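upload_7.txt follows (compact mmCIF, N, CA and C atoms):
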```
# COMPACT_ATOMS: atom_id res chain seq x y z
N ILE A 21 17.25 -40.57 -52.92
CA ILE A 21 15.99 -41.13 -52.43
C ILE A 21 15.79 -40.77 -50.97
N GLN A 22 16.86 -40.83 -50.17
CA GLN A 22 16.74 -40.56 -48.75
C GLN A 22 16.26 -39.13 -48.50
N GLN A 23 16.80 -38.16 -49.23
CA GLN A 23 16.38 -36.77 -49.06
C GLN A 23 14.91 -36.59 -49.45
N GLY A 24 14.51 -37.24 -50.53
CA GLY A 24 13.11 -37.17 -50.95
C GLY A 24 12.17 -37.78 -49.93
N ALA A 25 12.58 -38.90 -49.34
CA ALA A 25 11.76 -39.54 -48.31
C ALA A 25 11.62 -38.63 -47.09
N LEU A 26 12.70 -37.96 -46.72
CA LEU A 26 12.65 -37.04 -45.57
C LEU A 26 11.74 -35.85 -45.86
N GLU A 27 11.79 -35.34 -47.08
CA GLU A 27 10.92 -34.22 -47.45
C GLU A 27 9.45 -34.65 -47.43
N LEU A 28 9.17 -35.84 -47.93
CA LEU A 28 7.79 -36.34 -47.89
C LEU A 28 7.33 -36.52 -46.44
N LEU A 29 8.22 -37.02 -45.61
CA LEU A 29 7.90 -37.20 -44.20
C LEU A 29 7.60 -35.86 -43.54
N ARG A 30 8.45 -34.87 -43.79
CA ARG A 30 8.26 -33.53 -43.21
C ARG A 30 6.99 -32.86 -43.73
N SER A 31 6.63 -33.14 -44.97
CA SER A 31 5.44 -32.51 -45.54
C SER A 31 4.15 -33.09 -44.96
N GLY A 32 4.25 -34.22 -44.28
CA GLY A 32 3.07 -34.81 -43.65
C GLY A 32 2.20 -35.63 -44.59
N VAL A 33 2.78 -36.14 -45.66
CA VAL A 33 1.99 -36.89 -46.64
C VAL A 33 1.34 -38.13 -46.01
N ILE A 34 2.05 -38.81 -45.12
CA ILE A 34 1.48 -40.00 -44.49
C ILE A 34 0.34 -39.62 -43.56
N VAL A 35 0.48 -38.49 -42.87
CA VAL A 35 -0.59 -37.99 -41.99
C VAL A 35 -1.83 -37.70 -42.82
N LYS A 36 -1.65 -37.12 -43.99
CA LYS A 36 -2.79 -36.83 -44.88
C LYS A 36 -3.43 -38.13 -45.38
N LEU A 37 -2.60 -39.12 -45.74
CA LEU A 37 -3.14 -40.40 -46.19
C LEU A 37 -3.94 -41.08 -45.08
N ALA A 38 -3.54 -40.88 -43.84
CA ALA A 38 -4.26 -41.47 -42.71
C ALA A 38 -5.67 -40.89 -42.60
N GLN A 39 -5.87 -39.69 -43.13
CA GLN A 39 -7.18 -39.04 -43.06
C GLN A 39 -8.11 -39.43 -44.21
N PHE A 40 -7.58 -40.04 -45.25
CA PHE A 40 -8.40 -40.43 -46.40
C PHE A 40 -9.37 -41.54 -46.00
N GLN A 41 -10.61 -41.40 -46.39
CA GLN A 41 -11.62 -42.40 -46.07
C GLN A 41 -11.67 -43.51 -47.12
N VAL A 42 -11.10 -43.29 -48.27
CA VAL A 42 -11.20 -44.26 -49.36
C VAL A 42 -10.58 -45.61 -48.98
N TYR A 43 -9.55 -45.59 -48.14
CA TYR A 43 -8.90 -46.84 -47.75
C TYR A 43 -9.79 -47.70 -46.86
N ASP A 44 -10.79 -47.10 -46.25
CA ASP A 44 -11.73 -47.84 -45.40
C ASP A 44 -12.89 -48.43 -46.20
N MET A 45 -12.93 -48.19 -47.48
CA MET A 45 -14.04 -48.63 -48.33
C MET A 45 -13.66 -49.84 -49.16
N ARG A 46 -13.05 -50.80 -48.52
CA ARG A 46 -12.60 -52.03 -49.19
C ARG A 46 -13.82 -52.81 -49.68
N PRO A 47 -13.89 -53.08 -50.97
CA PRO A 47 -15.06 -53.82 -51.50
C PRO A 47 -14.97 -55.30 -51.15
N GLU A 48 -16.12 -55.92 -51.11
CA GLU A 48 -16.18 -57.36 -50.90
C GLU A 48 -15.68 -58.05 -52.16
N ILE A 49 -15.12 -59.23 -51.99
CA ILE A 49 -14.67 -60.02 -53.13
C ILE A 49 -15.91 -60.54 -53.85
N ASP A 50 -15.99 -60.27 -55.14
CA ASP A 50 -17.13 -60.70 -55.96
C ASP A 50 -16.77 -62.02 -56.63
N GLN A 51 -17.20 -63.13 -56.03
CA GLN A 51 -16.86 -64.46 -56.53
C GLN A 51 -17.55 -64.77 -57.87
N GLN A 52 -18.67 -64.14 -58.16
CA GLN A 52 -19.44 -64.44 -59.35
C GLN A 52 -19.06 -63.58 -60.55
N GLY A 53 -18.05 -62.77 -60.42
CA GLY A 53 -17.73 -61.81 -61.47
C GLY A 53 -18.35 -60.48 -61.09
N ILE A 54 -18.26 -59.50 -61.95
CA ILE A 54 -18.79 -58.18 -61.63
C ILE A 54 -20.30 -58.26 -61.52
N PHE A 55 -20.77 -58.17 -60.28
CA PHE A 55 -22.19 -58.10 -59.98
C PHE A 55 -23.00 -59.21 -60.65
N GLY A 56 -22.43 -60.40 -60.72
CA GLY A 56 -23.13 -61.55 -61.26
C GLY A 56 -23.11 -61.66 -62.77
N MET A 57 -22.42 -60.79 -63.46
CA MET A 57 -22.36 -60.86 -64.92
C MET A 57 -21.44 -62.00 -65.33
N ARG A 58 -21.83 -62.73 -66.35
CA ARG A 58 -21.02 -63.86 -66.81
C ARG A 58 -19.72 -63.39 -67.45
N ASP A 59 -19.81 -62.45 -68.35
CA ASP A 59 -18.64 -61.92 -69.03
C ASP A 59 -18.54 -60.42 -68.74
N PRO A 60 -17.85 -60.05 -67.66
CA PRO A 60 -17.76 -58.63 -67.34
C PRO A 60 -16.98 -57.88 -68.42
N PRO A 61 -17.32 -56.61 -68.64
CA PRO A 61 -16.59 -55.83 -69.64
C PRO A 61 -15.12 -55.71 -69.28
N VAL A 62 -14.27 -55.84 -70.28
CA VAL A 62 -12.83 -55.81 -70.07
C VAL A 62 -12.36 -54.41 -69.68
N PHE A 63 -13.02 -53.39 -70.20
CA PHE A 63 -12.57 -52.02 -69.98
C PHE A 63 -12.94 -51.47 -68.61
N ILE A 64 -13.77 -52.17 -67.85
CA ILE A 64 -14.12 -51.73 -66.49
C ILE A 64 -13.50 -52.70 -65.49
N PRO A 65 -12.48 -52.26 -64.77
CA PRO A 65 -11.88 -53.16 -63.78
C PRO A 65 -12.87 -53.46 -62.65
N ALA A 66 -12.73 -54.62 -62.07
CA ALA A 66 -13.58 -55.00 -60.94
C ALA A 66 -13.33 -54.04 -59.78
N PRO A 67 -14.32 -53.86 -58.91
CA PRO A 67 -14.13 -52.95 -57.76
C PRO A 67 -12.89 -53.27 -56.93
N VAL A 68 -12.59 -54.54 -56.75
CA VAL A 68 -11.41 -54.92 -55.96
C VAL A 68 -10.14 -54.47 -56.67
N GLU A 69 -10.11 -54.59 -57.99
CA GLU A 69 -8.93 -54.15 -58.74
C GLU A 69 -8.77 -52.63 -58.66
N ARG A 70 -9.87 -51.90 -58.71
CA ARG A 70 -9.80 -50.44 -58.57
C ARG A 70 -9.33 -50.05 -57.17
N TYR A 71 -9.77 -50.79 -56.17
CA TYR A 71 -9.32 -50.54 -54.80
C TYR A 71 -7.82 -50.78 -54.68
N HIS A 72 -7.34 -51.86 -55.31
CA HIS A 72 -5.90 -52.14 -55.31
C HIS A 72 -5.12 -51.00 -55.96
N GLN A 73 -5.67 -50.42 -57.03
CA GLN A 73 -5.01 -49.32 -57.72
C GLN A 73 -4.88 -48.08 -56.83
N ILE A 74 -5.74 -47.97 -55.83
CA ILE A 74 -5.68 -46.85 -54.89
C ILE A 74 -4.81 -47.19 -53.69
N LEU A 75 -4.96 -48.41 -53.16
CA LEU A 75 -4.27 -48.79 -51.93
C LEU A 75 -2.79 -49.10 -52.12
N LEU A 76 -2.45 -49.84 -53.17
CA LEU A 76 -1.06 -50.28 -53.34
C LEU A 76 -0.05 -49.12 -53.40
N PRO A 77 -0.32 -48.04 -54.12
CA PRO A 77 0.65 -46.93 -54.10
C PRO A 77 0.85 -46.33 -52.71
N ALA A 78 -0.22 -46.27 -51.91
CA ALA A 78 -0.08 -45.74 -50.54
C ALA A 78 0.79 -46.66 -49.70
N LEU A 79 0.58 -47.97 -49.83
CA LEU A 79 1.40 -48.92 -49.08
C LEU A 79 2.85 -48.88 -49.56
N GLN A 80 3.05 -48.75 -50.87
CA GLN A 80 4.41 -48.65 -51.41
C GLN A 80 5.10 -47.39 -50.89
N LEU A 81 4.38 -46.30 -50.81
CA LEU A 81 4.95 -45.06 -50.29
C LEU A 81 5.36 -45.23 -48.83
N CYS A 82 4.49 -45.85 -48.03
CA CYS A 82 4.83 -46.10 -46.62
C CYS A 82 6.10 -46.94 -46.52
N GLN A 83 6.18 -47.97 -47.32
CA GLN A 83 7.35 -48.84 -47.27
C GLN A 83 8.62 -48.10 -47.70
N ILE A 84 8.55 -47.31 -48.74
CA ILE A 84 9.71 -46.56 -49.21
C ILE A 84 10.17 -45.54 -48.17
N ILE A 85 9.22 -44.85 -47.56
CA ILE A 85 9.59 -43.87 -46.54
C ILE A 85 10.25 -44.55 -45.35
N LEU A 86 9.72 -45.69 -44.93
CA LEU A 86 10.34 -46.42 -43.81
C LEU A 86 11.74 -46.91 -44.17
N THR A 87 11.90 -47.39 -45.38
CA THR A 87 13.19 -47.93 -45.81
C THR A 87 14.23 -46.82 -46.00
N SER A 88 13.80 -45.68 -46.49
CA SER A 88 14.73 -44.62 -46.88
C SER A 88 15.01 -43.58 -45.80
N SER A 89 14.28 -43.60 -44.72
CA SER A 89 14.43 -42.53 -43.72
C SER A 89 15.01 -43.05 -42.42
N MET A 90 16.13 -43.72 -42.50
CA MET A 90 16.73 -44.29 -41.29
C MET A 90 17.13 -43.22 -40.27
N ALA A 91 17.51 -42.04 -40.72
CA ALA A 91 17.88 -40.98 -39.78
C ALA A 91 16.68 -40.53 -38.96
N GLN A 92 15.51 -40.57 -39.55
CA GLN A 92 14.28 -40.16 -38.88
C GLN A 92 13.32 -41.34 -38.75
N HIS A 93 13.85 -42.53 -38.49
CA HIS A 93 13.02 -43.73 -38.52
C HIS A 93 11.89 -43.70 -37.50
N ALA A 94 12.14 -43.20 -36.30
CA ALA A 94 11.09 -43.18 -35.28
C ALA A 94 9.92 -42.32 -35.72
N GLN A 95 10.21 -41.16 -36.30
CA GLN A 95 9.14 -40.28 -36.79
C GLN A 95 8.38 -40.94 -37.94
N ALA A 96 9.10 -41.55 -38.86
CA ALA A 96 8.46 -42.24 -39.98
C ALA A 96 7.60 -43.38 -39.48
N ALA A 97 8.12 -44.16 -38.55
CA ALA A 97 7.37 -45.30 -38.01
C ALA A 97 6.11 -44.83 -37.30
N ARG A 98 6.19 -43.75 -36.55
CA ARG A 98 5.00 -43.23 -35.86
C ARG A 98 3.93 -42.84 -36.87
N GLN A 99 4.33 -42.14 -37.93
CA GLN A 99 3.35 -41.71 -38.92
C GLN A 99 2.74 -42.91 -39.66
N VAL A 100 3.57 -43.87 -40.02
CA VAL A 100 3.08 -45.05 -40.74
C VAL A 100 2.18 -45.88 -39.84
N LEU A 101 2.56 -46.06 -38.58
CA LEU A 101 1.71 -46.82 -37.66
C LEU A 101 0.38 -46.10 -37.45
N GLN A 102 0.39 -44.78 -37.41
CA GLN A 102 -0.86 -44.04 -37.30
C GLN A 102 -1.73 -44.26 -38.54
N PHE A 103 -1.10 -44.31 -39.71
CA PHE A 103 -1.83 -44.62 -40.95
C PHE A 103 -2.49 -46.00 -40.84
N LEU A 104 -1.74 -47.00 -40.37
CA LEU A 104 -2.28 -48.35 -40.24
C LEU A 104 -3.40 -48.41 -39.22
N ILE A 105 -3.25 -47.70 -38.11
CA ILE A 105 -4.29 -47.69 -37.08
C ILE A 105 -5.53 -46.98 -37.59
N SER A 106 -5.35 -45.90 -38.32
CA SER A 106 -6.49 -45.16 -38.87
C SER A 106 -7.32 -46.02 -39.81
N HIS A 107 -6.67 -46.95 -40.47
CA HIS A 107 -7.35 -47.82 -41.42
C HIS A 107 -7.28 -49.28 -40.95
N SER A 108 -7.49 -49.47 -39.65
CA SER A 108 -7.32 -50.80 -39.06
C SER A 108 -8.29 -51.84 -39.62
N ASP A 109 -9.49 -51.44 -40.00
CA ASP A 109 -10.42 -52.41 -40.59
C ASP A 109 -9.88 -52.95 -41.91
N ALA A 110 -9.34 -52.08 -42.73
CA ALA A 110 -8.75 -52.52 -44.00
C ALA A 110 -7.52 -53.37 -43.76
N VAL A 111 -6.70 -52.99 -42.77
CA VAL A 111 -5.50 -53.77 -42.44
C VAL A 111 -5.90 -55.18 -41.99
N GLN A 112 -6.90 -55.26 -41.13
CA GLN A 112 -7.37 -56.58 -40.68
C GLN A 112 -7.93 -57.39 -41.83
N ALA A 113 -8.65 -56.75 -42.74
CA ALA A 113 -9.20 -57.46 -43.89
C ALA A 113 -8.08 -58.02 -44.76
N ILE A 114 -7.01 -57.27 -44.93
CA ILE A 114 -5.87 -57.75 -45.72
C ILE A 114 -5.24 -58.95 -45.04
N LEU A 115 -5.04 -58.85 -43.73
CA LEU A 115 -4.38 -59.94 -43.00
C LEU A 115 -5.24 -61.20 -42.94
N ARG A 116 -6.56 -61.05 -42.97
CA ARG A 116 -7.47 -62.20 -42.89
C ARG A 116 -7.91 -62.72 -44.26
N CYS A 117 -7.59 -62.00 -45.31
CA CYS A 117 -8.04 -62.36 -46.65
C CYS A 117 -7.54 -63.75 -47.04
N GLN A 118 -8.44 -64.56 -47.56
CA GLN A 118 -8.07 -65.90 -47.99
C GLN A 118 -8.06 -66.03 -49.50
N GLU A 119 -8.27 -64.93 -50.18
CA GLU A 119 -8.24 -64.93 -51.64
C GLU A 119 -6.79 -65.07 -52.10
N VAL A 120 -6.60 -65.90 -53.10
CA VAL A 120 -5.26 -66.06 -53.67
C VAL A 120 -5.27 -65.40 -55.05
N SER A 121 -4.89 -64.14 -55.06
CA SER A 121 -4.79 -63.40 -56.32
C SER A 121 -3.53 -62.54 -56.23
N VAL A 122 -3.12 -62.03 -57.36
CA VAL A 122 -1.93 -61.19 -57.39
C VAL A 122 -2.13 -59.96 -56.50
N GLY A 123 -3.27 -59.31 -56.63
CA GLY A 123 -3.53 -58.10 -55.84
C GLY A 123 -3.54 -58.36 -54.35
N ALA A 124 -4.21 -59.44 -53.94
CA ALA A 124 -4.27 -59.77 -52.52
C ALA A 124 -2.90 -60.11 -51.96
N LEU A 125 -2.11 -60.83 -52.74
CA LEU A 125 -0.76 -61.18 -52.29
C LEU A 125 0.16 -59.96 -52.25
N GLN A 126 -0.03 -59.03 -53.19
CA GLN A 126 0.76 -57.79 -53.17
C GLN A 126 0.43 -56.97 -51.92
N GLU A 127 -0.86 -56.86 -51.62
CA GLU A 127 -1.28 -56.14 -50.41
C GLU A 127 -0.65 -56.76 -49.17
N LEU A 128 -0.74 -58.08 -49.08
CA LEU A 128 -0.21 -58.79 -47.91
C LEU A 128 1.30 -58.63 -47.80
N ALA A 129 2.00 -58.75 -48.91
CA ALA A 129 3.46 -58.60 -48.89
C ALA A 129 3.87 -57.19 -48.45
N LEU A 130 3.22 -56.19 -49.00
CA LEU A 130 3.55 -54.81 -48.63
C LEU A 130 3.22 -54.55 -47.16
N LEU A 131 2.05 -54.99 -46.73
CA LEU A 131 1.63 -54.73 -45.35
C LEU A 131 2.54 -55.40 -44.34
N THR A 132 2.89 -56.66 -44.57
CA THR A 132 3.77 -57.34 -43.62
C THR A 132 5.17 -56.72 -43.63
N GLY A 133 5.64 -56.27 -44.78
CA GLY A 133 6.92 -55.58 -44.85
C GLY A 133 6.89 -54.26 -44.08
N ILE A 134 5.80 -53.54 -44.21
CA ILE A 134 5.64 -52.26 -43.49
C ILE A 134 5.61 -52.50 -41.99
N ILE A 135 4.84 -53.48 -41.56
CA ILE A 135 4.74 -53.77 -40.13
C ILE A 135 6.10 -54.17 -39.57
N SER A 136 6.83 -55.00 -40.30
CA SER A 136 8.13 -55.45 -39.79
C SER A 136 9.13 -54.30 -39.72
N LYS A 137 9.05 -53.34 -40.63
CA LYS A 137 9.96 -52.19 -40.60
C LYS A 137 9.55 -51.16 -39.55
N ALA A 138 8.25 -50.99 -39.36
CA ALA A 138 7.76 -49.98 -38.42
C ALA A 138 7.87 -50.44 -36.97
N ALA A 139 7.81 -51.72 -36.74
CA ALA A 139 7.77 -52.25 -35.38
C ALA A 139 9.14 -52.70 -34.89
N LEU A 140 10.17 -51.97 -35.26
CA LEU A 140 11.51 -52.29 -34.79
C LEU A 140 11.61 -52.02 -33.29
N PRO A 141 12.50 -52.72 -32.59
CA PRO A 141 12.66 -52.48 -31.15
C PRO A 141 12.94 -51.01 -30.86
N GLY A 142 12.28 -50.49 -29.86
CA GLY A 142 12.46 -49.10 -29.48
C GLY A 142 11.45 -48.16 -30.09
N VAL A 143 10.87 -48.53 -31.22
CA VAL A 143 9.90 -47.65 -31.88
C VAL A 143 8.56 -47.72 -31.17
N LEU A 144 8.09 -48.91 -30.88
CA LEU A 144 6.78 -49.06 -30.26
C LEU A 144 6.75 -48.52 -28.84
N GLY A 145 7.87 -48.58 -28.14
CA GLY A 145 7.93 -48.04 -26.79
C GLY A 145 7.73 -46.53 -26.78
N ASP A 146 8.17 -45.86 -27.82
CA ASP A 146 8.01 -44.41 -27.92
C ASP A 146 6.65 -44.01 -28.46
N PHE A 147 5.92 -44.96 -29.00
CA PHE A 147 4.64 -44.68 -29.65
C PHE A 147 3.55 -44.64 -28.59
N ASP A 148 3.05 -43.47 -28.27
CA ASP A 148 2.08 -43.28 -27.20
C ASP A 148 0.68 -43.43 -27.76
N LEU A 149 0.08 -44.58 -27.49
CA LEU A 149 -1.28 -44.85 -27.97
C LEU A 149 -2.11 -45.45 -26.86
N ASP A 150 -3.38 -45.14 -26.85
CA ASP A 150 -4.30 -45.80 -25.94
C ASP A 150 -5.06 -46.83 -26.76
N PHE A 151 -4.60 -48.07 -26.71
CA PHE A 151 -5.18 -49.12 -27.55
C PHE A 151 -6.60 -49.47 -27.13
N ASN A 152 -6.99 -49.18 -25.91
CA ASN A 152 -8.33 -49.50 -25.44
C ASN A 152 -9.35 -48.45 -25.85
N GLU A 153 -8.90 -47.34 -26.39
CA GLU A 153 -9.78 -46.24 -26.74
C GLU A 153 -10.85 -46.64 -27.74
N GLY A 154 -10.50 -47.37 -28.77
CA GLY A 154 -11.46 -47.73 -29.80
C GLY A 154 -12.05 -49.12 -29.64
N MET A 155 -11.85 -49.76 -28.50
CA MET A 155 -12.26 -51.15 -28.32
C MET A 155 -13.53 -51.27 -27.48
N GLN A 156 -14.55 -50.49 -27.77
CA GLN A 156 -15.74 -50.56 -26.93
C GLN A 156 -16.94 -50.97 -27.67
```
Any chance you could give the structure as structure tokens?
Amino acid sequence: IQQGALELLRSGVIVKLAQFQVYDMRPEIDQQGIFGMRDPPVFIPAPVERYHQILLPALQLCQIILTSSMAQHAQAARQVLQFLISHSDAVQAILRCQEVSVGALQELALLTGIISKAALPGVLGDFDLDFNEGMQ
């Protein structure tokens, strides 16, 4: 697993995921069912469920790379933190979400695990970012 994680890290897969716009298209929670329908069709997942099907594998990959690449942890952490910063609106939505569902809790569990692994002492000091750049 460690060798595979290092190869994925070297290939730049996390950098590519940071460029995907789909993660920024988090749908609103539909409290009334799919678009107000009383009995939504079973074969069409709700937009939030489809979003989870796209986001969760990316978060799982970030977590696995952070866990498995201890030899290159600083590089992995930089790439994963860049992924999180690139999709900061989605990250904030996950952290602020008050929905209690399996998908929302899975997102929150993965995200907090990723943050705790990426923000180890010494990693953030090496991470050169201008945090005020996007705050205007």
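Across the model, the gap from CA of Ala66 in chain A to CA of Met45 in chain A is 14.1 Å.
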Excluding range 38-42 of chain A and any residue of its chain fewer than 4 positions from it, enumerate the residues within 8 Å of it, using all atoms listed in the file, and give them as a ChimeraX atom specification. /A:32-34,46,71,74-75,99,102-107
Write out the residues from the selection above, keeping N, CA and C atoms, as a PDB file, keeping the file's coordinate frame.
```pdb
ATOM      1  N   GLY A  32       4.250 -34.220 -44.280  1.00  0.00           N
ATOM      2  CA  GLY A  32       3.070 -34.810 -43.650  1.00  0.00           C
ATOM      3  C   GLY A  32       2.200 -35.630 -44.590  1.00  0.00           C
ATOM      4  N   VAL A  33       2.780 -36.140 -45.660  1.00  0.00           N
ATOM      5  CA  VAL A  33       1.990 -36.890 -46.640  1.00  0.00           C
ATOM      6  C   VAL A  33       1.340 -38.130 -46.010  1.00  0.00           C
ATOM      7  N   ILE A  34       2.050 -38.810 -45.120  1.00  0.00           N
ATOM      8  CA  ILE A  34       1.480 -40.000 -44.490  1.00  0.00           C
ATOM      9  C   ILE A  34       0.340 -39.620 -43.560  1.00  0.00           C
ATOM     10  N   ARG A  46     -13.050 -50.800 -48.520  1.00  0.00           N
ATOM     11  CA  ARG A  46     -12.600 -52.030 -49.190  1.00  0.00           C
ATOM     12  C   ARG A  46     -13.820 -52.810 -49.680  1.00  0.00           C
ATOM     13  N   TYR A  71      -9.770 -50.790 -56.170  1.00  0.00           N
ATOM     14  CA  TYR A  71      -9.320 -50.540 -54.800  1.00  0.00           C
ATOM     15  C   TYR A  71      -7.820 -50.780 -54.680  1.00  0.00           C
ATOM     16  N   ILE A  74      -5.740 -47.970 -55.830  1.00  0.00           N
ATOM     17  CA  ILE A  74      -5.680 -46.850 -54.890  1.00  0.00           C
ATOM     18  C   ILE A  74      -4.810 -47.190 -53.690  1.00  0.00           C
ATOM     19  N   LEU A  75      -4.960 -48.410 -53.160  1.00  0.00           N
ATOM     20  CA  LEU A  75      -4.270 -48.790 -51.930  1.00  0.00           C
ATOM     21  C   LEU A  75      -2.790 -49.100 -52.120  1.00  0.00           C
ATOM     22  N   GLN A  99       4.330 -42.140 -37.930  1.00  0.00           N
ATOM     23  CA  GLN A  99       3.350 -41.710 -38.920  1.00  0.00           C
ATOM     24  C   GLN A  99       2.740 -42.910 -39.660  1.00  0.00           C
ATOM     25  N   GLN A 102       0.390 -44.780 -37.410  1.00  0.00           N
ATOM     26  CA  GLN A 102      -0.860 -44.040 -37.300  1.00  0.00           C
ATOM     27  C   GLN A 102      -1.730 -44.260 -38.540  1.00  0.00           C
ATOM     28  N   PHE A 103      -1.100 -44.310 -39.710  1.00  0.00           N
ATOM     29  CA  PHE A 103      -1.830 -44.620 -40.950  1.00  0.00           C
ATOM     30  C   PHE A 103      -2.490 -46.000 -40.840  1.00  0.00           C
ATOM     31  N   LEU A 104      -1.740 -47.000 -40.370  1.00  0.00           N
ATOM     32  CA  LEU A 104      -2.280 -48.350 -40.240  1.00  0.00           C
ATOM     33  C   LEU A 104      -3.400 -48.410 -39.220  1.00  0.00           C
ATOM     34  N   ILE A 105      -3.250 -47.700 -38.110  1.00  0.00           N
ATOM     35  CA  ILE A 105      -4.290 -47.690 -37.080  1.00  0.00           C
ATOM     36  C   ILE A 105      -5.530 -46.980 -37.590  1.00  0.00           C
ATOM     37  N   SER A 106      -5.350 -45.900 -38.320  1.00  0.00           N
ATOM     38  CA  SER A 106      -6.490 -45.160 -38.870  1.00  0.00           C
ATOM     39  C   SER A 106      -7.320 -46.020 -39.810  1.00  0.00           C
ATOM     40  N   HIS A 107      -6.670 -46.950 -40.470  1.00  0.00           N
ATOM     41  CA  HIS A 107      -7.350 -47.820 -41.420  1.00  0.00           C
ATOM     42  C   HIS A 107      -7.280 -49.280 -40.950  1.00  0.00           C
TER      43      HIS A 107
END
```
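Computed from the coordinates, the atom N of Ala25 in chain A to atom C of Gln73 in chain A distance equals 21.1 Å.
Take the candidates A:Ala124, A:Leu81, A:Ala97, A:Leu131 and check each one against Val111 in chain A using all atoms listed in the file; the shortest distance goes to A:Leu131.
For the residues A:Glu48, A:Leu115, A:Ala138, A:Val122, ranking by smallest atom-to-atom distance to Ala96 in chain A using only N, CA and C atoms places A:Ala138 first.
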Determine, counting only N, CA and C atoms, which protein, DNA and RNA residues have an atom within 8 Å of an atom of Lys137 in chain A; residues of the same chain fewer than 2 positions away are not included. Present the result as a list in words. Gln83, Leu86, Thr87, Ala97, Leu131, Thr132, Gly133, Ile134, Ile135, Ala139, Leu140 and Pro141 of chain A
For the selection just defined, write its residues with N, CA and C atoms to a file, as an mmCIF file, in the frame of the given file.
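So the final result, stored in out.cif, reads:
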```cif
data_model
loop_
_atom_site.group_PDB
_atom_site.id
_atom_site.type_symbol
_atom_site.label_atom_id
_atom_site.label_comp_id
_atom_site.auth_asym_id
_atom_site.auth_seq_id
_atom_site.Cartn_x
_atom_site.Cartn_y
_atom_site.Cartn_z
ATOM 1 N N GLN A 83 6.180 -47.970 -47.320
ATOM 2 C CA GLN A 83 7.350 -48.840 -47.270
ATOM 3 C C GLN A 83 8.620 -48.100 -47.700
ATOM 4 N N LEU A 86 9.720 -45.690 -44.930
ATOM 5 C CA LEU A 86 10.340 -46.420 -43.810
ATOM 6 C C LEU A 86 11.740 -46.910 -44.170
ATOM 7 N N THR A 87 11.900 -47.390 -45.380
ATOM 8 C CA THR A 87 13.190 -47.930 -45.810
ATOM 9 C C THR A 87 14.230 -46.820 -46.000
ATOM 10 N N ALA A 97 8.120 -44.160 -38.550
ATOM 11 C CA ALA A 97 7.370 -45.300 -38.010
ATOM 12 C C ALA A 97 6.110 -44.830 -37.300
ATOM 13 N N LEU A 131 2.050 -54.990 -46.730
ATOM 14 C CA LEU A 131 1.630 -54.730 -45.350
ATOM 15 C C LEU A 131 2.540 -55.400 -44.340
ATOM 16 N N THR A 132 2.890 -56.660 -44.570
ATOM 17 C CA THR A 132 3.770 -57.340 -43.620
ATOM 18 C C THR A 132 5.170 -56.720 -43.630
ATOM 19 N N GLY A 133 5.640 -56.270 -44.780
ATOM 20 C CA GLY A 133 6.920 -55.580 -44.850
ATOM 21 C C GLY A 133 6.890 -54.260 -44.080
ATOM 22 N N ILE A 134 5.800 -53.540 -44.210
ATOM 23 C CA ILE A 134 5.640 -52.260 -43.490
ATOM 24 C C ILE A 134 5.610 -52.500 -41.990
ATOM 25 N N ILE A 135 4.840 -53.480 -41.560
ATOM 26 C CA ILE A 135 4.740 -53.770 -40.130
ATOM 27 C C ILE A 135 6.100 -54.170 -39.570
ATOM 28 N N ALA A 139 7.810 -51.720 -36.740
ATOM 29 C CA ALA A 139 7.770 -52.250 -35.380
ATOM 30 C C ALA A 139 9.140 -52.700 -34.890
ATOM 31 N N LEU A 140 10.170 -51.970 -35.260
ATOM 32 C CA LEU A 140 11.510 -52.290 -34.790
ATOM 33 C C LEU A 140 11.610 -52.020 -33.290
ATOM 34 N N PRO A 141 12.500 -52.720 -32.590
ATOM 35 C CA PRO A 141 12.660 -52.480 -31.150
ATOM 36 C C PRO A 141 12.940 -51.010 -30.860
#
```
When distances are computed from only C-alpha atoms, which of A:Ala94, A:Leu26, A:Cys82, A:Ile114 shows the smallest separation from Val68 in chain A? A:Ile114
Nearest to Pro47 in chain A by atom-to-atom distance, counting all atoms listed in the file, from A:Ser31, A:Ile84, A:Ala91, A:Pro67: A:Pro67
